[in-house]
>>> print(open('my_file01.cif').read())   # mmCIF, C-alpha atoms
data_query
#
loop_
_atom_site.label_atom_id
_atom_site.label_comp_id
_atom_site.auth_asym_id
_atom_site.auth_seq_id
_atom_site.Cartn_x
_atom_site.Cartn_y
_atom_site.Cartn_z
CA MET A 967 -114.46 64.39 -65.33
CA SER A 968 -111.83 67.02 -65.99
CA SER A 969 -111.29 67.52 -62.23
CA SER A 970 -110.63 63.80 -61.48
CA ALA A 971 -107.98 63.19 -64.17
CA PRO A 972 -105.36 65.44 -62.62
CA LYS A 973 -105.92 63.80 -59.21
CA ARG A 974 -105.04 60.35 -60.55
CA ARG A 975 -101.83 61.75 -61.99
CA LEU A 976 -100.92 63.22 -58.63
CA ASP A 977 -101.56 59.86 -56.92
CA HIS A 978 -99.38 58.15 -59.48
CA ARG A 979 -96.52 60.60 -58.95
CA SER A 980 -96.77 60.39 -55.16
CA GLN A 981 -96.64 56.56 -55.17
CA THR A 982 -93.56 56.32 -57.37
CA PRO A 983 -91.29 58.23 -54.98
CA SER A 984 -92.56 56.13 -52.05
CA ARG A 985 -91.60 52.82 -53.65
CA ALA A 986 -88.15 54.13 -54.55
CA ALA A 987 -87.60 55.34 -51.06
CA GLY A 988 -88.56 51.94 -49.69
CA LYS A 989 -86.02 50.23 -51.90
CA ARG A 990 -83.29 52.56 -50.68
CA VAL A 991 -84.17 51.84 -47.04
CA ALA A 992 -84.06 48.09 -47.65
CA GLN A 993 -80.69 48.39 -49.34
CA ARG A 994 -79.28 50.34 -46.41
CA ARG A 995 -80.57 47.70 -43.98
CA ARG A 996 -78.98 44.87 -45.95
CA SER A 997 -75.70 46.78 -46.14
CA ARG A 998 -75.80 47.43 -42.42
CA ALA A 999 -76.46 43.73 -41.74
CA ARG A 1000 -73.57 42.75 -43.94
CA SER A 1001 -71.29 45.18 -42.12
CA LEU A 1002 -72.23 43.55 -38.79
CA THR A 1003 -71.31 40.05 -40.03
CA PRO A 1004 -67.93 39.18 -38.32
CA THR A 1005 -65.01 38.55 -40.63
CA PRO A 1006 -62.07 36.22 -39.64
CA ALA A 1007 -59.94 39.26 -38.87
CA MET A 1008 -62.63 40.70 -36.63
CA ALA A 1009 -63.02 37.37 -34.86
CA GLY A 1010 -59.30 37.25 -34.12
CA ALA A 1011 -59.28 40.79 -32.80
CA PHE A 1012 -62.26 40.03 -30.63
CA ALA A 1013 -60.49 36.98 -29.21
CA LEU A 1014 -57.43 39.08 -28.32
CA ILE A 1015 -59.61 41.68 -26.60
CA LEU A 1016 -61.38 38.94 -24.67
CA ALA A 1017 -58.05 37.35 -23.64
CA ALA A 1018 -56.70 40.68 -22.45
CA PHE A 1019 -59.86 41.31 -20.51
CA GLY A 1020 -59.57 37.85 -18.91
CA SER A 1021 -55.92 38.49 -17.92
CA ALA A 1022 -56.89 41.80 -16.33
CA VAL A 1023 -59.61 40.10 -14.34
CA VAL A 1024 -57.27 37.36 -13.13
CA GLY A 1025 -54.53 39.89 -12.32
CA ASN A 1026 -56.88 41.88 -10.15
CA ALA A 1027 -58.42 38.87 -8.46
CA THR A 1028 -57.94 38.67 -4.72
CA ASP A 1029 -58.63 34.92 -4.53
CA ALA A 1030 -55.28 33.05 -4.46
CA ASN A 1031 -57.02 30.01 -5.91
CA SER A 1032 -58.54 31.79 -8.86
CA LEU A 1033 -56.19 29.83 -11.18
CA LYS A 1034 -56.31 26.09 -10.74
CA ALA A 1035 -53.16 23.98 -10.60
CA ASP A 1036 -53.95 22.37 -13.93
CA ARG A 1037 -54.11 25.83 -15.53
CA TYR A 1038 -50.68 26.70 -14.15
CA GLN A 1039 -49.39 23.44 -15.56
CA THR A 1040 -50.87 24.26 -18.94
CA VAL A 1041 -49.21 27.68 -18.94
CA ASN A 1042 -45.84 26.15 -17.99
CA GLN A 1043 -46.11 23.57 -20.72
CA THR A 1044 -46.37 26.40 -23.20
CA TYR A 1045 -42.86 27.60 -22.29
CA THR A 1046 -41.04 24.38 -21.31
CA ARG A 1047 -39.64 21.77 -23.64
CA ALA A 1048 -38.91 18.29 -22.37
CA ASP A 1049 -35.66 18.06 -24.36
CA GLU A 1050 -34.18 21.24 -22.88
CA PRO A 1051 -32.58 21.77 -19.44
CA SER A 1052 -34.79 23.26 -16.77
CA ALA A 1053 -32.30 26.06 -16.04
CA ASP A 1054 -33.18 29.42 -17.48
CA VAL A 1055 -30.26 29.95 -19.86
CA SER A 1056 -30.36 32.96 -22.11
CA ARG A 1057 -30.10 32.19 -25.80
CA SER A 1058 -28.31 35.48 -26.35
CA PHE A 1059 -25.15 34.54 -24.35
CA ASP A 1060 -21.77 35.52 -25.68
CA ARG A 1061 -20.64 32.48 -27.65
CA ALA A 1062 -17.14 33.90 -28.14
CA ALA A 1063 -16.70 34.29 -24.38
CA PHE A 1064 -18.04 30.76 -23.83
CA SER A 1065 -15.52 29.32 -26.28
CA LYS A 1066 -12.68 31.29 -24.67
CA GLN A 1067 -13.63 30.13 -21.17
CA ALA A 1068 -14.01 26.50 -22.26
CA THR A 1069 -10.56 26.60 -23.83
CA ALA A 1070 -9.08 28.16 -20.70
CA GLN A 1071 -10.72 25.52 -18.53
CA ALA A 1072 -9.31 22.70 -20.70
CA GLN A 1073 -5.83 24.23 -20.53
CA GLN A 1074 -6.10 24.58 -16.76
CA LYS A 1075 -7.11 20.93 -16.45
CA ILE A 1076 -4.13 19.83 -18.54
CA ALA A 1077 -1.79 21.99 -16.44
CA ALA A 1078 -3.26 20.59 -13.21
CA ASN A 1079 -2.79 17.02 -14.44
CA GLU A 1080 0.79 17.76 -15.49
CA GLN A 1081 1.49 19.31 -12.10
CA LEU A 1082 0.00 16.28 -10.35
CA THR A 1083 2.07 13.92 -12.50
CA ALA A 1084 5.22 15.92 -11.72
CA ALA A 1085 4.41 15.85 -8.01
CA VAL A 1086 3.88 12.10 -8.11
CA GLY A 1087 7.15 11.72 -9.99
CA LYS A 1088 9.00 13.78 -7.41
CA GLU A 1089 7.44 11.80 -4.60
CA ALA A 1090 8.37 8.55 -6.32
CA LYS A 1091 11.93 9.81 -6.72
CA LYS A 1092 11.99 10.84 -3.07
CA ILE A 1093 10.75 7.40 -2.04
CA GLU A 1094 13.38 5.78 -4.25
CA LEU A 1095 16.13 7.89 -2.69
CA ASN A 1096 14.98 6.93 0.80
CA LYS A 1097 14.69 3.24 -0.05
CA TRP A 1098 17.03 0.81 1.69
CA VAL A 1099 18.56 -2.34 0.22
CA LEU A 1100 20.71 -5.24 1.46
CA PRO A 1101 24.41 -4.31 1.56
CA VAL A 1102 25.69 -7.69 0.23
CA THR A 1103 24.46 -10.96 -1.19
CA GLY A 1104 25.59 -14.56 -0.68
CA TYR A 1105 26.05 -14.07 3.04
CA HIS A 1106 25.02 -15.51 6.38
CA LEU A 1107 24.67 -13.54 9.58
CA THR A 1108 27.18 -14.22 12.35
CA ALA A 1109 27.80 -11.72 15.15
CA ARG A 1110 24.86 -9.53 16.06
CA PHE A 1111 24.47 -6.17 17.74
CA GLY A 1112 25.00 -6.17 21.53
CA GLN A 1113 26.74 -9.54 21.78
CA ARG A 1114 29.78 -9.99 24.05
CA SER A 1115 32.92 -11.99 23.27
CA GLY A 1116 36.61 -12.06 24.02
CA LEU A 1117 37.15 -11.07 20.42
CA TRP A 1118 35.93 -7.53 21.15
CA SER A 1119 37.00 -5.03 23.74
CA THR A 1120 33.36 -4.03 24.27
CA VAL A 1121 29.99 -5.34 23.13
CA HIS A 1122 29.51 -5.91 19.43
CA THR A 1123 28.32 -2.65 17.89
CA GLY A 1124 27.18 -3.86 14.47
CA LEU A 1125 25.85 -6.71 12.33
CA ASP A 1126 28.25 -9.10 10.55
CA PHE A 1127 27.52 -10.43 7.04
CA ALA A 1128 29.99 -13.28 6.51
CA GLY A 1129 30.70 -14.37 2.93
CA PRO A 1130 33.37 -14.89 0.28
CA SER A 1131 36.13 -12.31 0.20
CA GLY A 1132 35.74 -9.86 -2.61
CA SER A 1133 31.92 -9.84 -2.57
CA THR A 1134 30.46 -6.57 -3.77
CA ILE A 1135 29.30 -4.16 -1.08
CA VAL A 1136 26.57 -1.67 -2.06
CA SER A 1137 25.23 1.39 -0.30
CA VAL A 1138 22.09 0.54 1.66
CA ALA A 1139 20.58 3.98 0.93
CA ALA A 1140 21.22 7.29 -0.81
CA GLY A 1141 23.81 9.57 0.71
CA THR A 1142 27.25 11.14 0.54
CA VAL A 1143 30.60 9.50 1.16
CA VAL A 1144 32.16 11.34 4.11
CA SER A 1145 35.10 9.04 4.95
CA THR A 1146 37.25 6.27 3.45
CA GLY A 1147 40.40 4.80 5.06
CA TYR A 1148 41.99 2.33 7.41
CA GLU A 1149 40.57 2.58 10.96
CA GLY A 1150 42.34 0.13 13.34
CA ALA A 1151 40.11 -2.76 14.42
CA TYR A 1152 37.56 -1.75 11.77
CA GLY A 1153 40.10 -2.25 9.01
CA ASN A 1154 39.27 -0.48 5.75
CA ARG A 1155 36.12 1.52 6.50
CA THR A 1156 33.78 3.62 4.37
CA ILE A 1157 31.30 5.97 6.04
CA ILE A 1158 28.27 7.20 4.09
CA GLN A 1159 26.05 9.89 5.53
CA LEU A 1160 22.38 9.54 4.50
CA ASN A 1161 20.10 12.44 3.68
CA ASP A 1162 18.64 12.42 7.20
CA GLY A 1163 22.09 12.59 8.82
CA THR A 1164 22.34 8.90 9.66
CA GLU A 1165 25.83 7.43 9.17
CA ILE A 1166 26.36 3.92 7.82
CA TRP A 1167 29.76 2.28 8.47
CA TYR A 1168 31.06 -0.43 6.11
CA CYS A 1169 34.07 -2.12 7.73
CA HIS A 1170 36.80 -4.77 6.98
CA GLN A 1171 36.78 -4.03 3.23
CA SER A 1172 39.44 -5.46 0.99
CA GLN A 1173 39.11 -2.55 -1.41
CA PHE A 1174 37.38 0.83 -1.64
CA GLY A 1175 35.04 1.66 -4.54
CA VAL A 1176 34.16 5.32 -3.86
CA LYS A 1177 35.80 8.58 -2.81
CA VAL A 1178 34.98 11.21 -0.21
CA GLY A 1179 32.34 13.67 -1.47
CA GLU A 1180 30.81 11.25 -3.93
CA GLN A 1181 27.00 10.99 -4.06
CA VAL A 1182 25.69 7.45 -4.01
CA THR A 1183 22.28 5.86 -4.57
CA PRO A 1184 20.70 2.74 -3.04
CA GLY A 1185 22.37 -0.38 -4.40
CA GLN A 1186 25.39 1.45 -5.84
CA PRO A 1187 28.67 -0.50 -5.39
CA ILE A 1188 31.00 1.15 -2.87
CA GLY A 1189 33.67 -1.54 -2.16
CA PHE A 1190 34.42 -5.24 -1.57
CA THR A 1191 34.39 -7.52 1.44
CA GLY A 1192 37.66 -8.57 3.06
CA SER A 1193 39.48 -9.45 6.27
CA THR A 1194 41.20 -6.19 7.20
CA GLY A 1195 41.27 -5.14 10.86
CA ASN A 1196 40.26 -7.37 13.78
CA VAL A 1197 38.52 -10.33 12.15
CA THR A 1198 38.40 -14.13 12.12
CA GLY A 1199 37.33 -14.35 8.48
CA PRO A 1200 36.06 -12.26 5.53
CA HIS A 1201 32.87 -10.43 6.25
CA LEU A 1202 31.16 -7.03 6.21
CA HIS A 1203 30.74 -5.40 9.59
CA LEU A 1204 27.79 -2.95 9.22
CA GLU A 1205 27.03 -0.23 11.76
CA VAL A 1206 24.19 2.38 11.88
CA HIS A 1207 24.70 5.69 13.72
CA PRO A 1208 21.60 7.94 13.70
CA ALA A 1209 22.63 11.60 13.35
CA GLY A 1210 26.26 10.47 13.58
CA GLY A 1211 25.78 9.50 17.25
CA ALA A 1212 25.90 6.20 19.11
CA PRO A 1213 25.31 3.00 17.14
CA VAL A 1214 21.95 1.22 17.08
CA ASP A 1215 21.01 -2.30 15.99
CA PRO A 1216 21.39 -2.46 12.18
CA TYR A 1217 18.97 -5.39 12.00
CA GLY A 1218 16.13 -3.28 13.44
CA GLU A 1219 16.94 -0.36 11.12
CA LEU A 1220 16.90 -2.60 8.07
CA ILE A 1221 13.54 -4.07 9.12
CA LYS A 1222 12.20 -0.56 9.70
CA HIS A 1223 13.06 0.24 6.07
CA ASP A 1224 11.38 -2.93 4.71
CA VAL A 1225 14.63 -4.89 4.33
CA THR A 1226 14.91 -8.28 6.02
CA PRO A 1227 18.55 -9.49 6.35
#
>>> encode(input="my_file01.cif", output="structure tokens")
Amino acid sequence: MSSSAPKRRLDHRSQTPSRAAGKRVAQRRRSRARSLTPTPAMAGAFALILAAFGSAVVGNATDANSLKADRYQTVNQTYTRADEPSADVSRSFDRAAFSKQATAQAQQKIAANEQLTAAVGKEAKKIELNKWVLPVTGYHLTARFGQRSGLWSTVHTGLDFAGPSGSTIVSVAAGTVVSTGYEGAYGNRTIIQLNDGTEIWYCHQSQFGVKVGEQVTPGQPIGFTGSTGNVTGPHLHLEVHPAGGAPVDPYGELIKHDVTP
């Protein structure tokens, strides 16, 4: 009996360490299992790795149709907003430069409009200076250009506006007074040279209203009708001499300049 008692104590000691060791192994297994359970952070990291791997596969693919059209559209929708312009405009542009350029553009537009207005004004003034008007009012036409009569030594070289003596005569267009004086059969005559060199003769005046060298405008009074020279009654004898040369029909020249006698 003395030999069996120690044996039971040895069995008891040997079993105790075995159970403890088993517990430690189980604890390590549970800890290892817990460490393998994915956390949210790990799941996110795994998703990024998977996405990168997918991009690498697509980038190396040789099939041009490896990405479907709807996938391209999805990718584009990620970077495009419907309320923004389609142009690729950098958000880091120089705002100071933009403001300066916009101001310069506005100033240039104003200057261009002012220049256009000035040009239109000058053109309007030019048109006004070239405008023709009737030389007298309260008249009736008598002798015309090219007519023949015993009253004249040659054909009639002008257009006669018969009317009351002393009626105001005005310049038919803008020009410069180059002559005033008595001229035989023409009586008291004023010659005005227009800007294009044409000379207008105003004959048989009773009185002069301008002097040589004076600048006149269309409709400006230059004298008064009368009966000086070779006449049968008071009237204005009007002649037109282009470039100071031979006379032409005044009626046609007036019509050409939108004036109907």
>>> resolve_selection(input="my_file01.cif", expression="the PyMOL selection byres ((chain A and resi 1112) around 7)", output="PyMOL selection string")
chain A and resi 1110-1111+1113-1114+1121-1123
>>> resolve_selection(input="my_file01.cif", expression="the PyMOL selection byres ((chain A and resi 1158-1170) around 6)", output="PyMOL selection string")
chain A and resi 1140-1144+1152-1157+1171+1192-1195+1202-1210
>>> resolve_selection(input="my_file01.cif", expression="the PyMOL selection byres ((chain A and resi 1186) around 6)", output="list in words")
Val1136, Ser1137, Thr1183, Pro1184, Gly1185 and Pro1187 of chain A
>>> closest_residue(input="my_file01.cif", among="A:Gly1104, A:Gly1087, A:Pro1200, A:Gly1175", to="Ser1131 in chain A", atoms="all atoms listed in the file")
A:Pro1200
>>> closest_residue(input="my_file01.cif", among="A:Thr1146, A:Ala1212, A:Ile1135, A:Phe1190", to="Lys1177 in chain A", atoms="all atoms listed in the file")
A:Thr1146
>>> atom_distance(input="my_file01.cif", atom1="CA of Thr1226 in chain A", atom2="CA of Gly1124 in chain A")
15.5 Å
>>> atom_distance(input="my_file01.cif", atom1="CA of Lys1091 in chain A", atom2="CA of Asn1079 in chain A")
18.1 Å
>>> atom_distance(input="my_file01.cif", atom1="CA of Ser1172 in chain A", atom2="CA of Gly1211 in chain A")
26.0 Å
>>> residues_near_point(input="my_file01.cif", point="(26.7, -15.3, 13.5)", cutoff="10 Å", atoms="all atoms listed in the file", output="list in words")
His1106, Leu1107, Thr1108, Ala1109, Arg1110, Leu1125, Asp1126, Phe1127 and Ala1128 of chain A
>>> residues_around(input="my_file01.cif", residues="Asp1224 in chain A", least_positions_apart="6", cutoff="9 Å", atoms="all atoms listed in the file", output="ChimeraX atom specification")
/A:1097-1099
>>> closest_residue(input="my_file01.cif", among="A:Leu1100, A:Ala1070, A:Val1182, A:Ile1093", to="Pro1227 in chain A", atoms="all atoms listed in the file")
A:Leu1100
>>> closest_residue(input="my_file01.cif", among="A:Ala1139, A:Gln1067, A:Thr1083, A:Arg1061", to="Leu1220 in chain A", atoms="only C-alpha atoms")
A:Ala1139
>>> axis_aligned_box(input="my_file01.cif", around="range 1181-1200 of chain A", padding_each_side="8 Å", output="AutoDock Vina command-line options")
--center_x 31.0 --center_y -1.7 --center_z 4.0 --size_x 36.6 --size_y 41.3 --size_z 35.6
